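Asks: Quick one: the structure is below, and I'll ask about it shortly.
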Amino acid sequence: MNKAVKHIYLCVFLMLLLGVPAVLAWQQSENDTMALAEPPSGEQQQLQETKNSVHRGWFGIPDTNPQSRLIRALIIVIITSTVCQVVLLIWILINRNRIHAVEAKTGRLLEQFQTLLVDYLFSENNNEQFREIQRIAAFDFDRRILINQMIDLSINLSGESKEKLRDLYFKLELDQDSLFKAHSSMWHIQIKGFKEMAFMNIKEASQQIRNALKSKNNILRMEAQLALVRLNEDDPFGFLDDLKRPFTLWEQLNVHELIIFHNLPIPDFSRWTNSTNKTVVIFSLRMIQVFKQTGAMQAIINCLSHPDREVRHTAIRVCGEIQLHDTLPHLKHIYKSEDRDNCLAIIHAMEKMRNESMLGFLKLVLDKEEDVQLQIGAAVAISKMGETGISALVKLMKSEYKDYQIIIRHVLDKRIN
Amino acid sequence: MIISGIFSDVFFYIINNVIFVLTCFIFGTYLTLAAISAIALRNYLRKNSYVDYNSIILAPFTPSISVIAPAYNEARTIIENTRALLSLYYNNFEVIIVNDGSTDETFKKMVETYSLERVNYYFDYRIPCERVRGVYKSKNRSFKNLMVIDKVNGGKSDALNAGINVSRKDLICCIDVDSIMEPDALLKMVKPFMEETDKKVIGTGGVIRIANSCLIEDGQIKEIRLPDNFLARMQTLEYTRAFLLARMAWGKLDGLLLISGALGLFDKETVVKCGGYSIKTVGEDMEIVVRMRRYMAENKLPYQLTYIPDPLVWTEVPSRGRQLSRQRNRWTRGTLETLITHRKLFMNRKYGRFGMLGYTYWFFFEWLTPIIEFMGYIYFTYLVIFKLVNWPFFLVLLAFVYTFSVMISAFAILFEEKTFHKYKSRKDVLNLLLVSLAEPFFYHPRTVWWAIRGNIDYLLGVRRWGKMERTGFGKGKKQKVKVREAKTVQQLKAEKQKEP
């Protein structure tokens, strides 16, 4: 049954369950009032007159009094709340049974499919396994489990086995399931479809995925982008050219994972260091660092004078991580104009490069800076220069000009870092 | 006489109506929050249903984290809990344990178990804190990401500030050392920071669950059970309601004022710029969040505070009335201190939803409601004494309040069932439902009284934390394991008897 129809049924059921008792209660109270309001006759009238009574609702409160209406409203809320509790209790218990049943069935199916898939992939004559898989995966739920299992398996496969698994996916017409999901009106199901299609390299719904790039839903847009990176073999990273929204660290991480695990061709990331989108520039710099693209030095140097602080920070870090010694004069040059964090990043970059030509500069930092972290950073960078650095520090320790003892003792203590 | 009669009529009319309208308003707010929370929970679960958190572990550019755990007289649990922290599932983190002048064997045990030795650490008092006696690292390289600070006692905030001063990472995760973190808690908490767009993420909070009676081995939860103790059970329901209904909704509404001190992940840069934790309050967890938000808003920096509904940390709650009373007293004082310190926020448009909604909600619902409720009790007693009560009307009102409260609790249990489904036993869930029936009579009035005591203590200038005696997870563990072994032996015997 369609999920939406199920929801409608559920709503109608709840409305009946809650509404009927509420309406009945209301009517009952109306009847009571009406009965009291009917003109009494004879003895009753006398009795009523002697009591000097007016029309009274529940609890003896005059019916014209707003309190009577209030009490009715309260009683309706009480009935509704009580019915709600009973419904919730039943719901909770049914849900619990359903969860247990689904868990048990999923476990059983996963085990079955795993054995059958492995047998199918690694045996010569696999018709029997194919028929068996086809027989078990007859219903929607079973097919969903099978798709999940095949995707999990495909991560650890390569070459012929991976192709065989993909063929099986098509033979079982699971691609139709994925396409159906990709066209769903619910974003989370659409994403599931995109993911499956990307994994199994199904290009039929690429247009649908492209349409999702214009969606207002951030998550859907992001997942569509990731799916296209895999499906667009000609220029998987072309989307970076005109990406306007922020390219989050989470997306960057996923793209990086795609490159690593799915052997995507690694482009020259310096192509995007001039992007107007700062997050794209940061991603490019990160990728330059990860893939050690030392040829991109000029692009990195340009980024050292980028107007955005974060971009400059990333560029400084990249210089240190991939040991671009030629950038040292630039780093030294920008030191004065940078904020504390970027200054610290420059010193850390120098520490990574262990270049003796920076000894004088670092001594100056140790001497002139008032921020302890910068002083410690400079001393660490000096200590990493080997014998020259250590002897320089020892000399400074004995200096009478300034008390460097605590900082240098900290730096020379190998147990700390 | 006539004037006084009119006056008393007006007085009673106002009192009756104000209390009633307020009750309806509170219930309406709870229902609205529950609805918002349901939407937020559904979206969160959908969004994360296909997320592989292992990707974070493998990435070379994930944010680095310092886990800071202050410890004061935690000798019973410190070793096990430090071990659990060291085995958290994350690729770039350090654990900083701050011994806040413990008078028991906490520090000695740490030194012995983790082979600690004092290092020549240059301690930078960037954020002021009490004197640090020494910084210790382990001789064993397996514990290279452990750092222990031994300092003069200065309270939890002071210990956290000392931890922040030695932190060398991008984010700081502040936790109670007696809590047990889920192994993947850091992965889940760091994700919102990685999803940051044009708004800086300054903090993330998660759900705190109750560990009393759970089966714990090696500092990790092995089997989740509903607490055996009555008070702890009540708190289980209370926590479920607070975290899954209220905070989830406030996270969505951008009105969060509190990230629980038991677990919170913060942007270190922002914390340092705000001057670290305040040592002047006993509600430091709420105060730091409010101060960070104020700092961002006043400097016109776009920011967000996120909240995730995953159960991330398990903590032992007080199981005795006196302990619980002290805890609640402290919470009330902490709330009041923060509300007074940051009174500028009250209904202040400049602070957006944070000032208009978040602060106002805390002011009326968390602080003022218990006071009004208490006044209601006094007023009712007066009516009873002077035989002024319309009993049938009273019973209807009572039934209204009771059934509605139970319904809200039932919704909270349903949310738990539909989302994380942590209590596997059907008996536990039924017990929780039974607890929801008993709570309004046997637990809630006590919380009101503790809140009143907190207010009185605040006015009297009481600033102490209050002692929390813990049974320790280690003790619980042994008991539970024994029960398990006994069961296993019985089962084996039964099986043997069945054999031909």
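Chain lettering (A, B, ...) mirrors the order of the structure tokens, residue numbering begins at 1 for each chain separately, and ligand numbering begins at 1 in order of display.
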What's the 8 Å shell around region 230-241 of chain A, counting only C-alpha atoms, without same-chain residues fewer than 5 positions away, as a count of residues only?
Replies: 13
Asks: Find the spatial neighbours of region 202-214 of chain B, counting only C-alpha atoms, within a cut-off of 7 Å - ignore same-chain residues fewer than 4 positions away - and output them as a PyMOL selection string.
Replies: chain B and resi 189+221+223-228+236+243+259-260+263-267+270+303-317+476
Asks: Compute the chain B side of the contact with chain A at 8 Å, counting only C-alpha atoms, and hand it back as a PyMOL selection string.
Replies: chain B and resi 46-47+50+55-56+59-61+119-122+124+137+139+191+194-198+392-393+396-397+399-400+403-404+406-407+410-411+414+417-418+426
Asks: Within 12 Å of region 123-127 of chain A, counting only C-alpha atoms, which residues qualify if same-chain residues fewer than 6 places away don't, as a ChimeraX atom specification?
Replies: /A:115-117,133-134,161,164,168,171
Asks: Considering only C-alpha atoms, can you say which of B:Asn92, B:Asn17, B:Ser142, B:Ser102 comes closest to Leu70 (chain A)?
Replies: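 Ranked by minimum distance to Leu70 (chain A), first place goes to B:Asn17.
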Asks: Please identify which residues in region 102-239 of chain A DSSP calls helix (DSSP H, G or I) from the backbone, and express them as a ChimeraX atom specification.
Replies: /A:102-122,127-136,140-155,159-171,174-182,187-199,206-212,218-231,238-239
Asks: Counting only C-alpha atoms, which residue out of B:Arg333, B:His421, B:Lys268, B:Lys350 sits closest to Pro63 (chain B)?
Replies: B:Lys268
Asks: Quick one: pull the distance between CA of Asn145 (chain B) and CA of Val380 (chain A), Å, one decimal.
Replies: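 These two atoms are separated by 18.8 Å.
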Asks: What separation in Å, quoted to one decimal, exists between CA of Phe11 (chain B) and CA of Phe386 (chain B)?
Replies: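 CA of Phe386 (chain B) lies 15.6 Å from CA of Phe11 (chain B).
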Asks: CA of Cys174 (chain B) and CA of Ile68 (chain B) are how many Å apart?
Replies: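 Atom-to-atom, CA of Cys174 (chain B) and CA of Ile68 (chain B) are spaced 5.0 Å apart.
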Asks: I'd like the contact shell of Leu345 (chain B) - 9 Å cut-off, only C-alpha atoms, skipping same-chain residues fewer than 6 positions apart - returned as number ranges by chain.
Replies: B: 294, 339, 351, 354-356, 359-360
Asks: Please produce a file of those selected residues containing C-alpha atoms, as a CSV table (one decimal), in the first residue's frame.
Replies:
```
chain,number,residue,atom,x,y,z
B,294,ARG,CA,25.7,36.8,23.0
B,339,LEU,CA,19.2,34.6,33.6
B,351,TYR,CA,19.3,38.8,19.7
B,354,PHE,CA,17.7,33.5,21.0
B,355,GLY,CA,16.5,36.6,23.0
B,356,MET,CA,12.9,36.7,22.0
B,359,TYR,CA,15.6,33.4,26.9
B,360,THR,CA,11.9,34.2,27.4
```
Asks: Do you know which residues are at most 9 Å from Gln149 (chain A) counting only C-alpha atoms, after dropping those on the same chain fewer than 2 positions away, and could you put them as a list in words?
Replies: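 My reading of the contact set: Leu110, Phe113, Gln114, Leu117, Arg144, Ile145, Leu146, Ile147, Ile151, Asp152, Leu153 and Ser154 of chain A.
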Asks: Residues at most 6 Å from Ala71 (chain B), counting only C-alpha atoms, excluding those fewer than 4 positions away in the same chain, as a list of chain:residue names?
Replies: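 Counting only C-alpha atoms, the residues come to B:Val98, B:Asn99, B:Asp100.
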Asks: Quick one: residues within 9 Å of Asn455 (chain B), only C-alpha atoms, excluding same-chain residues fewer than 4 positions away - as a list in words?
Replies: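 So the residues in contact are Asn329, Thr332, Arg333, Leu336, Trp367, Ile371, Trp450, Ala451, Leu459 and Leu460 of chain B.
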Asks: Take the selection from the previous step and output its residues with N, CA and C atoms, as a PDB file, in the first residue's frame.
Replies:
```pdb
ATOM      1  N   ASN B 329      18.591  21.806  43.171  1.00  0.00           N
ATOM      2  CA  ASN B 329      18.810  23.099  43.816  1.00  0.00           C
ATOM      3  C   ASN B 329      19.891  23.868  43.043  1.00  0.00           C
ATOM      4  N   THR B 332      18.704  25.073  39.634  1.00  0.00           N
ATOM      5  CA  THR B 332      17.864  26.271  39.730  1.00  0.00           C
ATOM      6  C   THR B 332      18.726  27.501  39.958  1.00  0.00           C
ATOM      7  N   ARG B 333      19.685  27.380  40.863  1.00  0.00           N
ATOM      8  CA  ARG B 333      20.547  28.533  41.136  1.00  0.00           C
ATOM      9  C   ARG B 333      21.335  28.915  39.886  1.00  0.00           C
ATOM     10  N   LEU B 336      19.096  30.695  37.440  1.00  0.00           N
ATOM     11  CA  LEU B 336      18.803  32.042  37.925  1.00  0.00           C
ATOM     12  C   LEU B 336      20.004  32.969  37.743  1.00  0.00           C
ATOM     13  N   TRP B 367      12.182  28.974  35.030  1.00  0.00           N
ATOM     14  CA  TRP B 367      12.378  29.628  36.321  1.00  0.00           C
ATOM     15  C   TRP B 367      11.055  29.982  36.997  1.00  0.00           C
ATOM     16  N   ILE B 371       7.663  28.451  40.529  1.00  0.00           N
ATOM     17  CA  ILE B 371       7.251  29.400  41.580  1.00  0.00           C
ATOM     18  C   ILE B 371       5.733  29.574  41.551  1.00  0.00           C
ATOM     19  N   TRP B 450      12.137  21.435  45.212  1.00  0.00           N
ATOM     20  CA  TRP B 450      13.594  21.615  45.091  1.00  0.00           C
ATOM     21  C   TRP B 450      13.913  22.912  44.361  1.00  0.00           C
ATOM     22  N   ALA B 451      13.091  23.229  43.365  1.00  0.00           N
ATOM     23  CA  ALA B 451      13.302  24.482  42.628  1.00  0.00           C
ATOM     24  C   ALA B 451      13.077  25.679  43.553  1.00  0.00           C
ATOM     25  N   LEU B 459      18.686  33.481  46.967  1.00  0.00           N
ATOM     26  CA  LEU B 459      18.457  34.748  47.672  1.00  0.00           C
ATOM     27  C   LEU B 459      19.301  34.850  48.937  1.00  0.00           C
ATOM     28  N   LEU B 460      19.568  33.677  49.551  1.00  0.00           N
ATOM     29  CA  LEU B 460      20.387  33.663  50.768  1.00  0.00           C
ATOM     30  C   LEU B 460      21.877  33.714  50.454  1.00  0.00           C
TER      31      LEU B 460
END
```
